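Next up, start30.txt (compact mmCIF, C-alpha atoms and all ligand atoms):
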# COMPACT_ATOMS: atom_id res chain seq x y z
CA MET G 1 32.76 -5.91 -8.78
CA GLU G 2 33.81 -7.12 -12.23
CA TRP G 3 30.57 -8.48 -13.74
CA LYS G 4 30.40 -11.15 -16.42
CA ASN G 5 27.59 -11.97 -18.78
CA ASP G 6 27.63 -15.75 -18.43
CA ALA G 7 25.70 -18.46 -16.66
CA LEU G 8 28.64 -19.82 -14.69
CA PHE G 9 29.41 -16.41 -13.30
CA ALA G 10 25.77 -15.98 -12.20
CA ALA G 11 25.90 -19.44 -10.61
CA SER G 12 29.06 -18.50 -8.74
CA LEU G 13 27.33 -15.41 -7.34
CA ASP G 14 24.48 -17.65 -6.15
CA LYS G 15 26.91 -20.06 -4.55
CA ALA G 16 28.57 -17.23 -2.62
CA ASP G 17 25.21 -15.79 -1.54
CA GLU G 18 24.62 -16.24 2.21
CA LEU G 19 20.89 -15.67 1.73
CA ARG G 20 20.40 -18.24 -1.03
CA SER G 21 18.52 -20.73 1.16
CA PHE G 22 15.75 -18.17 1.83
CA ARG G 23 14.44 -18.85 -1.68
CA GLU G 24 13.21 -22.23 -0.37
CA ARG G 25 11.02 -20.40 2.13
CA PHE G 26 8.76 -19.14 -0.65
CA HIS G 27 6.38 -20.74 -3.11
CA ILE G 28 7.74 -19.87 -6.55
CA PRO G 29 4.89 -20.07 -9.10
CA VAL G 30 5.14 -22.69 -11.82
CA ILE G 31 4.08 -21.22 -15.16
CA ASN G 32 3.77 -23.10 -18.46
CA GLY G 33 5.19 -26.14 -16.69
CA LYS G 34 8.33 -24.33 -15.56
CA THR G 35 9.43 -22.72 -12.32
CA SER G 36 8.94 -19.09 -13.20
CA ILE G 37 11.49 -16.31 -13.15
CA TYR G 38 9.40 -14.21 -10.83
CA LEU G 39 10.37 -10.55 -11.05
CA THR G 40 7.21 -8.85 -9.80
CA GLY G 41 7.76 -8.75 -6.06
CA ASN G 42 7.12 -5.01 -6.48
CA SER G 43 3.52 -5.84 -7.37
CA LEU G 44 2.71 -8.97 -5.36
CA GLY G 45 5.39 -10.58 -3.23
CA LEU G 46 5.51 -14.38 -3.08
CA GLN G 47 3.86 -16.52 -0.44
CA PRO G 48 6.04 -17.63 2.47
CA VAL G 49 5.82 -21.43 2.83
CA THR G 50 5.04 -20.89 6.52
CA ALA G 51 2.03 -18.66 5.77
CA SER G 52 -0.50 -21.49 5.76
CA ALA G 53 0.67 -22.86 9.13
CA TYR G 54 0.43 -19.39 10.70
CA VAL G 55 -3.11 -18.97 9.36
CA GLN G 56 -4.05 -22.53 10.30
CA GLN G 57 -2.98 -21.82 13.89
CA GLU G 58 -5.55 -19.03 14.12
CA LEU G 59 -8.26 -21.07 12.36
CA ASN G 60 -7.64 -23.90 14.83
CA ASP G 61 -7.78 -21.59 17.81
CA TRP G 62 -10.99 -20.08 16.50
CA ALA G 63 -12.48 -23.57 16.05
CA LEU G 64 -11.40 -24.68 19.52
CA LEU G 65 -11.95 -21.51 21.49
CA GLY G 66 -14.48 -19.32 19.71
CA VAL G 67 -14.59 -15.90 21.27
CA GLU G 68 -12.16 -16.98 24.00
CA GLY G 69 -9.44 -16.83 21.34
CA HIS G 70 -9.25 -13.08 21.93
CA PHE G 71 -7.60 -13.92 25.24
CA HIS G 72 -6.57 -17.58 25.14
CA ALA G 73 -5.40 -18.29 21.60
CA LYS G 74 -1.74 -19.27 21.39
CA HIS G 75 -1.25 -15.70 20.16
CA PRO G 76 -4.21 -13.92 21.75
CA TRP G 77 -6.10 -11.88 19.15
CA LYS G 78 -6.75 -8.83 21.28
CA PRO G 79 -3.08 -7.78 21.31
CA TYR G 80 -2.13 -9.71 18.13
CA HIS G 81 -1.16 -6.58 16.18
CA GLU G 82 1.32 -5.65 18.90
CA MET G 83 3.56 -8.54 17.80
CA LEU G 84 3.98 -6.88 14.42
CA THR G 85 5.00 -3.48 15.73
CA ALA G 86 8.66 -4.14 16.57
CA PRO G 87 9.64 -5.82 13.29
CA LEU G 88 7.86 -3.14 11.26
CA ALA G 89 9.37 -0.33 13.30
CA GLU G 90 12.73 -1.86 12.46
CA LEU G 91 11.91 -1.94 8.73
CA VAL G 92 10.82 1.70 8.54
CA GLY G 93 13.24 3.19 11.06
CA ALA G 94 10.66 4.10 13.68
CA LYS G 95 10.08 3.97 17.41
CA HIS G 96 7.52 1.39 18.46
CA GLN G 97 4.96 3.99 19.44
CA GLU G 98 5.10 5.45 15.93
CA VAL G 99 3.88 2.36 14.07
CA VAL G 100 0.69 0.34 13.87
CA VAL G 101 -0.62 -2.30 11.47
CA MET G 102 -4.18 -1.63 10.31
CA ASN G 103 -6.59 -1.44 7.35
CA SER G 104 -5.34 -1.15 3.80
CA LEU G 105 -3.14 1.42 2.14
CA THR G 106 -5.49 3.87 0.46
CA VAL G 107 -7.80 3.77 3.47
CA ASN G 108 -4.86 4.71 5.68
CA LEU G 109 -3.72 7.48 3.34
CA HIS G 110 -7.19 9.02 3.69
CA LEU G 111 -7.21 8.60 7.47
CA LEU G 112 -3.79 10.23 7.76
CA MET G 113 -4.88 13.09 5.52
CA VAL G 114 -7.84 13.65 7.84
CA SER G 115 -5.25 14.41 10.51
CA PHE G 116 -2.51 16.06 8.45
CA TYR G 117 -4.33 17.81 5.62
CA ARG G 118 -6.31 20.59 7.19
CA PRO G 119 -6.45 23.29 4.55
CA THR G 120 -7.08 26.90 5.50
CA GLU G 121 -7.96 29.74 3.16
CA LYS G 122 -4.31 30.66 2.85
CA ARG G 123 -2.60 27.29 3.22
CA PHE G 124 -4.43 24.66 1.22
CA ARG G 125 -2.13 23.09 -1.35
CA ILE G 126 -0.93 19.50 -1.63
CA ILE G 127 2.37 19.06 -3.45
CA CYS G 128 2.95 15.62 -4.94
CA GLU G 129 4.87 13.93 -7.72
CA ALA G 130 3.46 13.79 -11.25
CA ARG G 131 2.68 10.14 -12.04
CA ALA G 132 1.99 9.28 -8.44
CA PHE G 133 0.24 5.90 -8.15
CA PRO G 134 -3.36 6.52 -9.37
CA SER G 135 -4.96 5.60 -6.04
CA ASP G 136 -2.89 8.32 -4.36
CA GLN G 137 -3.86 10.85 -7.01
CA TYR G 138 -7.54 10.04 -6.44
CA ALA G 139 -7.00 10.38 -2.70
CA PHE G 140 -5.38 13.81 -3.04
CA ALA G 141 -8.03 15.15 -5.41
CA SER G 142 -10.95 13.75 -3.43
CA GLN G 143 -9.56 15.14 -0.17
CA ALA G 144 -9.34 18.56 -1.82
CA HIS G 145 -12.96 18.19 -3.01
CA PHE G 146 -14.03 17.06 0.43
CA HIS G 147 -12.73 20.36 1.79
CA GLY G 148 -14.63 22.28 -0.89
CA LEU G 149 -11.54 23.01 -2.98
CA ASP G 150 -10.85 22.76 -6.68
CA ALA G 151 -8.31 19.96 -7.08
CA GLU G 152 -6.85 21.60 -10.19
CA ASP G 153 -5.82 24.49 -8.02
CA ALA G 154 -5.09 22.65 -4.79
CA VAL G 155 -2.98 19.72 -6.05
CA ILE G 156 0.41 20.69 -7.48
CA GLU G 157 2.33 18.01 -9.37
CA ILE G 158 6.10 18.11 -9.70
CA LYS G 159 7.19 16.90 -13.14
CA PRO G 160 10.57 15.75 -14.38
CA ARG G 161 12.45 18.14 -16.65
CA GLU G 162 11.97 17.84 -20.39
CA GLY G 163 13.66 14.64 -21.60
CA GLU G 164 14.17 13.31 -18.05
CA TYR G 165 12.29 10.66 -16.08
CA SER G 166 13.42 11.14 -12.50
CA LEU G 167 12.73 14.15 -10.35
CA ARG G 168 15.72 16.17 -9.24
CA THR G 169 15.77 16.87 -5.52
CA GLU G 170 16.64 20.50 -6.24
CA ASP G 171 13.46 20.82 -8.33
CA ILE G 172 11.31 19.24 -5.64
CA VAL G 173 12.77 21.55 -3.01
CA ALA G 174 12.38 24.59 -5.29
CA THR G 175 8.72 23.78 -6.02
CA ILE G 176 7.96 23.46 -2.32
CA ALA G 177 9.69 26.80 -1.68
CA GLN G 178 7.78 28.39 -4.55
CA TYR G 179 4.49 27.50 -2.83
CA ALA G 180 5.75 28.24 0.67
CA ASP G 181 2.82 30.59 1.33
CA SER G 182 0.11 28.16 0.32
CA VAL G 183 1.35 24.60 0.81
CA ALA G 184 -0.32 22.58 3.56
CA LEU G 185 1.05 19.14 2.79
CA VAL G 186 3.80 17.52 0.74
CA VAL G 187 3.21 13.82 -0.08
CA LEU G 188 5.36 11.67 -2.29
CA GLY G 189 5.90 7.99 -2.77
CA ALA G 190 9.18 7.19 -1.05
CA VAL G 191 9.96 5.09 -4.13
CA ASN G 192 8.03 5.97 -7.28
CA TYR G 193 6.10 2.95 -8.54
CA TYR G 194 6.77 3.67 -12.21
CA THR G 195 10.41 4.72 -12.40
CA GLY G 196 11.66 3.03 -9.22
CA GLN G 197 13.26 6.30 -8.10
CA LEU G 198 13.94 6.59 -4.37
CA TYR G 199 13.46 10.21 -3.32
CA ASP G 200 15.62 12.11 -0.87
CA ILE G 201 13.20 11.82 2.03
CA LYS G 202 15.30 13.89 4.40
CA ALA G 203 15.71 16.84 2.04
CA ILE G 204 12.04 16.82 1.00
CA THR G 205 10.85 16.64 4.59
CA LYS G 206 13.09 19.55 5.55
CA ALA G 207 11.85 21.60 2.60
CA ALA G 208 8.23 20.88 3.60
CA HIS G 209 8.89 21.91 7.19
CA ASP G 210 10.76 25.06 6.10
CA ALA G 211 7.68 25.97 4.07
CA GLY G 212 5.41 25.41 7.09
CA ALA G 213 3.86 22.21 5.72
CA TYR G 214 3.63 18.60 6.84
CA ALA G 215 5.57 15.89 4.99
CA GLY G 216 4.07 12.46 4.34
CA PHE G 217 5.34 9.51 2.31
CA ASP G 218 3.60 6.59 0.69
CA CYS G 219 6.15 3.84 1.28
CA ALA G 220 4.33 1.09 -0.67
CA HIS G 221 7.34 0.55 -2.93
CA ALA G 222 9.93 1.33 -0.28
CA VAL G 223 9.09 -0.81 2.75
CA GLY G 224 10.98 -4.11 2.78
CA ASN G 225 12.98 -2.76 -0.16
CA VAL G 226 15.13 0.24 0.77
CA ALA G 227 16.44 1.40 4.14
CA LEU G 228 13.97 3.82 5.72
CA LYS G 229 14.66 6.13 8.66
CA LEU G 230 11.30 7.80 9.08
CA HIS G 231 11.80 8.86 12.70
CA GLU G 232 15.24 10.33 12.26
CA GLN G 233 14.22 12.09 9.06
CA GLU G 234 11.34 13.73 10.93
CA VAL G 235 8.71 12.55 8.48
CA ASP G 236 5.29 13.49 9.87
CA PHE G 237 3.43 10.45 8.63
CA ALA G 238 3.77 7.50 6.27
CA CYS G 239 1.73 4.56 5.07
CA TRP G 240 2.43 1.39 3.13
CA CYS G 241 0.90 -1.88 2.03
CA SER G 242 2.20 -5.30 2.99
CA TYR G 243 1.65 -7.29 -0.19
CA LYS G 244 4.50 -5.96 -2.34
CA TYR G 245 8.02 -6.40 -0.94
CA LEU G 246 6.53 -7.47 2.40
CA ASN G 247 5.09 -10.70 0.93
CA SER G 248 2.00 -10.67 3.13
CA GLY G 249 -0.64 -11.65 0.62
CA PRO G 250 -3.09 -10.00 -1.79
CA GLY G 251 -4.91 -7.14 -0.11
CA GLY G 252 -3.03 -7.89 3.12
CA VAL G 253 -3.26 -5.66 6.15
CA ALA G 254 -1.31 -2.39 5.80
CA GLY G 255 0.59 -0.12 8.19
CA ILE G 256 1.14 3.48 9.20
CA PHE G 257 3.80 5.64 10.80
CA ILE G 258 3.07 8.81 12.74
CA HIS G 259 6.00 10.72 14.15
CA GLU G 260 6.49 10.67 17.91
CA LYS G 261 5.90 14.41 18.09
CA HIS G 262 2.31 13.94 16.88
CA VAL G 263 1.16 10.62 18.33
CA ALA G 264 0.01 11.92 21.69
CA ASN G 265 -1.60 15.06 20.26
CA LYS G 266 -5.29 14.61 21.03
CA GLU G 267 -6.05 17.88 19.25
CA LEU G 268 -5.23 16.40 15.85
CA PRO G 269 -8.56 15.67 14.22
CA ARG G 270 -9.07 12.04 13.30
CA PHE G 271 -11.78 9.61 12.33
CA ALA G 272 -11.98 7.53 15.47
CA GLY G 273 -12.99 3.97 16.26
CA TRP G 274 -13.07 1.78 19.34
CA TRP G 275 -9.72 0.10 18.65
CA GLY G 276 -8.03 3.49 19.03
CA GLN G 277 -9.52 3.87 22.49
CA ASN G 278 -7.43 3.69 25.66
CA LYS G 279 -7.03 -0.03 26.33
CA GLU G 280 -7.88 0.37 30.03
CA THR G 281 -11.32 1.76 29.28
CA ARG G 282 -12.11 0.30 25.86
CA PHE G 283 -14.41 -2.37 27.21
CA GLN G 284 -16.23 -0.04 29.56
CA MET G 285 -17.97 0.97 26.33
CA GLY G 286 -18.14 4.60 27.42
CA LYS G 287 -19.00 7.52 25.21
CA GLU G 288 -15.88 9.60 25.62
CA PHE G 289 -13.05 8.90 23.16
CA ASP G 290 -9.69 8.82 24.90
CA PRO G 291 -7.19 7.89 22.19
CA ILE G 292 -4.20 5.67 22.88
CA PRO G 293 -1.27 8.14 22.85
CA THR G 294 0.63 6.22 20.15
CA ALA G 295 0.01 5.43 16.47
CA GLU G 296 -2.45 2.81 17.80
CA GLY G 297 -4.78 5.69 18.60
CA TRP G 298 -5.55 5.86 14.86
CA GLN G 299 -6.90 2.29 14.74
CA LEU G 300 -10.59 1.96 14.01
CA SER G 301 -11.52 -1.69 14.06
CA ASN G 302 -10.45 -4.86 15.76
CA ALA G 303 -7.69 -6.56 13.84
CA PRO G 304 -8.04 -8.86 10.79
CA ILE G 305 -6.21 -11.76 12.45
CA LEU G 306 -5.98 -14.08 9.43
CA SER G 307 -4.30 -11.40 7.35
CA MET G 308 -2.06 -10.46 10.26
CA ALA G 309 -1.00 -14.10 10.63
CA VAL G 310 0.35 -14.07 7.06
CA HIS G 311 2.02 -10.74 7.79
CA LYS G 312 3.69 -12.25 10.84
CA ALA G 313 4.92 -15.24 8.84
CA SER G 314 6.61 -12.86 6.43
CA LEU G 315 8.03 -10.44 9.00
CA ASP G 316 9.57 -13.36 10.87
CA ILE G 317 11.50 -14.21 7.70
CA PHE G 318 12.71 -10.62 7.33
CA GLU G 319 13.89 -10.67 10.91
CA GLU G 320 15.83 -13.86 10.31
CA ALA G 321 17.43 -12.67 7.07
CA GLY G 322 18.31 -9.24 8.46
CA MET G 323 17.88 -6.01 6.52
CA GLU G 324 21.61 -5.30 6.26
CA ARG G 325 22.26 -8.49 4.34
CA LEU G 326 19.15 -7.94 2.23
CA HIS G 327 20.29 -4.43 1.30
CA THR G 328 23.73 -5.67 0.29
CA LYS G 329 22.28 -8.40 -1.91
CA ARG G 330 19.63 -6.10 -3.36
CA LYS G 331 22.24 -3.57 -4.47
CA MET G 332 24.31 -6.32 -6.09
CA MET G 333 21.27 -7.73 -7.90
CA ALA G 334 20.15 -4.38 -9.26
CA ALA G 335 23.70 -3.57 -10.38
CA TYR G 336 24.06 -6.96 -12.09
CA LEU G 337 20.74 -6.55 -13.89
CA ARG G 338 21.73 -3.10 -15.13
CA TYR G 339 25.07 -4.41 -16.31
CA LEU G 340 23.36 -7.16 -18.32
CA LEU G 341 20.81 -4.78 -19.83
CA ASP G 342 23.51 -2.28 -20.76
CA ASP G 343 25.36 -5.17 -22.37
CA ILE G 344 22.29 -5.99 -24.50
CA ASN G 345 22.01 -2.38 -25.61
CA ALA G 346 25.72 -2.27 -26.43
CA SER G 347 25.44 -5.42 -28.56
CA LEU G 348 22.79 -3.86 -30.82
CA GLU G 349 23.23 -1.36 -33.61
CA THR G 350 20.83 1.00 -31.88
CA PRO G 351 19.78 0.60 -28.24
CA CYS G 352 16.45 -1.16 -27.68
CA MET G 353 15.73 0.25 -24.26
CA ASN G 354 16.28 3.19 -22.01
CA ILE G 355 16.60 2.35 -18.31
CA ILE G 356 14.62 5.11 -16.62
CA THR G 357 15.42 4.05 -13.05
CA PRO G 358 18.22 6.20 -11.61
CA ALA G 359 21.69 4.69 -11.93
CA ASP G 360 22.74 5.97 -8.49
CA GLU G 361 22.30 3.08 -6.04
CA ASN G 362 21.18 5.54 -3.35
CA ALA G 363 18.34 6.71 -5.57
CA ARG G 364 16.68 3.37 -6.23
CA GLY G 365 15.72 0.02 -4.73
CA CYS G 366 15.12 -3.39 -6.32
CA GLN G 367 13.15 -2.19 -9.29
CA VAL G 368 14.52 -1.53 -12.74
CA SER G 369 12.14 0.12 -15.24
CA MET G 370 12.96 -0.47 -18.87
CA LEU G 371 11.43 1.97 -21.32
CA MET G 372 11.35 -0.06 -24.53
CA LEU G 373 12.31 1.91 -27.63
CA ARG G 374 10.95 -0.77 -29.97
CA GLN G 375 9.15 -4.16 -29.85
CA GLY G 376 8.22 -3.48 -26.22
CA LYS G 377 4.89 -5.29 -26.13
CA GLN G 378 6.31 -8.14 -28.21
CA VAL G 379 9.27 -8.58 -25.85
CA PHE G 380 6.92 -8.55 -22.90
CA GLU G 381 4.59 -11.15 -24.42
CA GLU G 382 7.49 -13.41 -25.32
CA LEU G 383 8.83 -13.09 -21.78
CA SER G 384 5.47 -14.26 -20.45
CA LYS G 385 5.47 -17.26 -22.78
CA ARG G 386 8.87 -18.25 -21.42
CA SER G 387 7.67 -18.26 -17.79
CA VAL G 388 9.11 -14.86 -16.91
CA VAL G 389 6.77 -12.86 -14.69
CA ALA G 390 7.44 -9.18 -15.31
CA ASP G 391 5.06 -6.26 -15.44
CA TRP G 392 3.97 -4.10 -18.36
CA ARG G 393 2.96 -0.47 -17.91
CA GLU G 394 1.44 1.34 -20.87
CA PRO G 395 2.67 2.70 -23.15
CA ASP G 396 6.14 1.19 -23.22
CA VAL G 397 7.63 0.25 -19.84
CA ILE G 398 8.61 -3.19 -18.54
CA ARG G 399 9.18 -3.16 -14.79
CA VAL G 400 11.17 -5.88 -13.07
CA ALA G 401 12.29 -6.18 -9.47
CA PRO G 402 14.81 -8.80 -8.41
CA VAL G 403 14.02 -9.41 -4.76
CA PRO G 404 16.90 -10.49 -2.49
CA LEU G 405 14.77 -12.88 -0.40
CA TYR G 406 13.80 -15.19 -3.23
CA ASN G 407 15.39 -14.23 -6.53
CA SER G 408 18.74 -15.62 -7.61
CA PHE G 409 21.49 -14.14 -9.73
CA THR G 410 20.70 -16.96 -12.16
CA ASP G 411 17.13 -15.60 -12.45
CA ILE G 412 18.62 -12.27 -13.48
CA PHE G 413 21.05 -13.81 -15.92
CA GLN G 414 18.31 -15.91 -17.52
CA PHE G 415 15.97 -12.94 -17.75
CA ALA G 416 18.56 -10.94 -19.69
CA ALA G 417 19.48 -13.94 -21.85
CA ILE G 418 15.82 -14.43 -22.79
CA ILE G 419 15.47 -10.77 -23.77
CA LYS G 420 18.55 -11.06 -25.93
CA GLU G 421 17.19 -14.18 -27.56
CA ILE G 422 13.84 -12.52 -28.27
CA LEU G 423 15.51 -9.50 -29.84
CA ASN G 424 17.73 -11.67 -32.00
CA SER G 425 14.96 -13.98 -33.22
C1 LIG K 1 0.30 -0.49 -4.56
C2 LIG K 1 0.01 0.93 -4.27
C3 LIG K 1 -1.27 1.35 -3.89
C4 LIG K 1 -2.44 0.37 -3.80
O1 LIG K 1 -3.32 0.78 -2.81
P1 LIG K 1 -4.29 -0.27 -2.05
O2 LIG K 1 -5.10 0.62 -1.20
O3 LIG K 1 -3.42 -1.22 -1.30
O4 LIG K 1 -5.08 -0.99 -3.08
C5 LIG K 1 -1.46 2.68 -3.58
N1 LIG K 1 -0.44 3.57 -3.66
C6 LIG K 1 0.81 3.19 -4.03
C7 LIG K 1 1.90 4.21 -4.09
C8 LIG K 1 1.06 1.86 -4.36
O5 LIG K 1 2.28 1.52 -4.75
Before we go any further, please render this structure as structure tokens.
Ligand SMILES: *Cc1c(COP(=O)(O)O)cnc(C)c1O
Amino acid sequence: MEWKNDALFAASLDKADELRSFRERFHIPVINGKTSIYLTGNSLGLQPVTASAYVQQELNDWALLGVEGHFHAKHPWKPYHEMLTAPLAELVGAKHQEVVVMNSLTVNLHLLMVSFYRPTEKRFRIICEARAFPSDQYAFASQAHFHGLDAEDAVIEIKPREGEYSLRTEDIVATIAQYADSVALVVLGAVNYYTGQLYDIKAITKAAHDAGAYAGFDCAHAVGNVALKLHEQEVDFACWCSYKYLNSGPGGVAGIFIHEKHVANKELPRFAGWWGQNKETRFQMGKEFDPIPTAEGWQLSNAPILSMAVHKASLDIFEEAGMERLHTKRKMMAAYLRYLLDDINASLETPCMNIITPADENARGCQVSMLMLRQGKQVFEELSKRSVVADWREPDVIRVAPVPLYNSFTDIFQFAAIIKEILNS
């Protein structure tokens, strides 16, 4: 595609965009009296317009039916979560039995580590990326402590090479091989939250398995963003949240993936609860735990229906838009944004930013991380004043994520034009 840095060109891309009407399905925040240029779907996705009706349906059924809603609501609450399984399985490339919606992300990461991080004297290490999301780092270290280990020794971080920002697959694979005698678990974000790098999930999983370890991925920044094939890639487990690219509301209910080869394994230790119990016998209230032989066997509690209703509103939109079309548009948007930012750099005597997100479209998703070489904080503050919602990460990174469901090419053009204006003022 021959890109052009002008408003008419951006408008022509919008006109040709088959998905453009989906923008109307979301509430776009109005900031300083103007419809914002909302580029933080990687932090909190926007609210689907249908969300309130989906929630209202459940509130009405609760008002009308009370406890009977578990069985007689329009969408009975007892099996409510089952409606979310198929669309999520589609998004993460899983079989239905491998996926369940439950809890929140960090809680699920801990629960999955209970099953998949079982250190022995010889095999006790967790290999992860340096600069993993802090919550994940705390989870890894506290799991090591829980097992009586010194986290300094047990948690191995893979760092980029000197002067680089992304991790090279060859370095990840080499580090795993280096610890082949002692590694128990390899866990990475599928997409790193800071750089936006999408890792080679297949190669990392294979390296983990070759070393005799399990491979898990935190897909918080990947789900609803990049194409995932967790089953085919033989990933052992994964978890994600629903409030970033999945637009399911602040603190919304999260989800997990457990590979088919593990789901029916009753020997895997787990922290159990009644919602993981065999559905035939759950209400006999017996003492013996007989887990459902699918990912559902990891559920603890009955489902948070109001949060799941929002999740359903959003997943229904994904289903309608179709991931193929979303991927095509996402790649175009990220490429257009990069082109415009490169153009800004080229117009200056010395570049003002370094784009630390990989240039390879197979190694990234929506997000573009701009490491500002000067005036970073000032640019960010000016952006905010002009109704642009971006995200600042200390010490010097502005993260933006054009989202194919609700951002337009004009949003991207205007964002770049505003940056240029700020730098020239
Ligand atoms: C957003 C995010 C979290 C947040 O965890 P919660 O438990 O949902 O608060 C954790 N890990 C990663 C990688 C994230 O991107």
Check the smallest atom-to-atom distance from each of G:Ala16, G:Leu44, G:Cys366, G:Ile126 to ligand LIG 1 (chain K) using all atoms listed in the file, then report the winner.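 Ranked by minimum distance to ligand LIG 1 (chain K), first place goes to G:Leu44.
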Using Å and a single decimal, report how far atom CA of Ile127 of chain G sits from atom CA of Ala151 of chain G.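 Here the two named atoms are 11.3 Å from each other.
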Identify, counting only C-alpha atoms and all ligand atoms, the protein, DNA and RNA residues located within 6 Å of ligand LIG 1 (chain K), and give them as a PyMOL selection string. chain G and resi 104-106+133+135-136+189+193+218+220-221+241
Output file for the residues above (C-alpha atoms, as a short mmCIF file (atom, residue, chain, number, x, y, z; two decimals), in the coordinates of the input):
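Full text of again15.cif as output:
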data_model
loop_
_atom_site.label_atom_id
_atom_site.label_comp_id
_atom_site.auth_asym_id
_atom_site.auth_seq_id
_atom_site.Cartn_x
_atom_site.Cartn_y
_atom_site.Cartn_z
CA SER G 104 -5.34 -1.15 3.80
CA LEU G 105 -3.14 1.42 2.14
CA THR G 106 -5.49 3.87 0.46
CA PHE G 133 0.24 5.90 -8.15
CA SER G 135 -4.96 5.60 -6.04
CA ASP G 136 -2.89 8.32 -4.36
CA GLY G 189 5.90 7.99 -2.77
CA TYR G 193 6.10 2.95 -8.54
CA ASP G 218 3.60 6.59 0.69
CA ALA G 220 4.33 1.09 -0.67
CA HIS G 221 7.34 0.55 -2.93
CA CYS G 241 0.90 -1.88 2.03
#
Nearest to Ala144 of chain G, chosen from G:Leu300, G:Ile172, G:Val114, G:Ala215, with all atoms listed in the file counted in the distances: G:Val114
Find the residues near Gly224 of chain G: any atom within 7 Å, counting all atoms listed in the file, skip ones fewer than 5 places away on the same chain, and give them as a list in words.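 Counting only the stated atoms, we get Leu91, Tyr245 and Leu246 of chain G.
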I need the residue nearest Phe318 of chain G from this list: G:Asn247, G:Asn278, G:Ser384, G:Asn60. Use only C-alpha atoms for the distance.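 With only C-alpha atoms as the atom set, the closest residue is G:Asn247.
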Ala132 of chain G proximity check over G:Ala309, G:Leu65, G:Ile201, G:Cys219, using all atoms listed in the file: winner is G:Cys219
Would you please work out which residue, of G:Leu111, G:Cys128, G:Val235, G:Ala390, is nearest to Val183 of chain G when using all atoms listed in the file?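 Answer, going by the shortest atom-to-atom distance: G:Cys128.
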Please provide as a ChimeraX atom specification all residues within 10 Å of Tyr336 of chain G, with the sequence filter that same-chain residues fewer than 6 positions apart are discarded (counting only C-alpha atoms). /G:1-5,10,330,342,409,412-413
Using all atoms listed in the file, which of G:Ala208, G:Ala227, G:Ala130, G:Leu373 sits nearest Ala94 of chain G? G:Ala227
Go ahead and compute the interatomic distance for atom CA of Lys261 of chain G and atom CA of Lys229 of chain G, in Å to one decimal.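 Interatomic distance here is 15.3 Å.
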Atom CA of Ala272 of chain G to atom CA of Glu260 of chain G measures 18.9 Å
Please provide as a ChimeraX atom specification all residues within 8 Å of His259 of chain G, with the sequence filter that same-chain residues fewer than 6 positions apart are discarded (counting only C-alpha atoms). /G:98,230-231,234-237
Neighbouring residues of Thr175 of chain G were defined as those with any atom within 12 Å, considering all atoms listed in the file; residues of the same chain fewer than 2 positions away were excluded. Please report them as a list in words.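 That gives Arg125, Ile126, Ile127, Cys128, Glu129, Ile156, Glu157, Ile158, Lys159, Pro160, Leu167, Arg168, Thr169, Glu170, Asp171, Ile172, Val173, Ala177, Gln178, Tyr179, Ala180, Asp181, Ser182, Val183, Val186, Ile204, Ala207, Ala208 and Ala211 of chain G.
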Residue neighbourhood Lys329 of chain G, 12 Å, all atoms listed in the file, exclusion window fewer than 6 positions, as a list in words: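 What passes the distance filter is Leu13, Asp14, Ala16, Asp17, Glu18, Leu19, Arg20, Asn225, Val226, Ala321, Gly322, Met323, Ala335, Tyr336, Gly365, Cys366, Pro402, Val403, Pro404, Leu405, Tyr406, Asn407, Ser408 and Phe409 of chain G.
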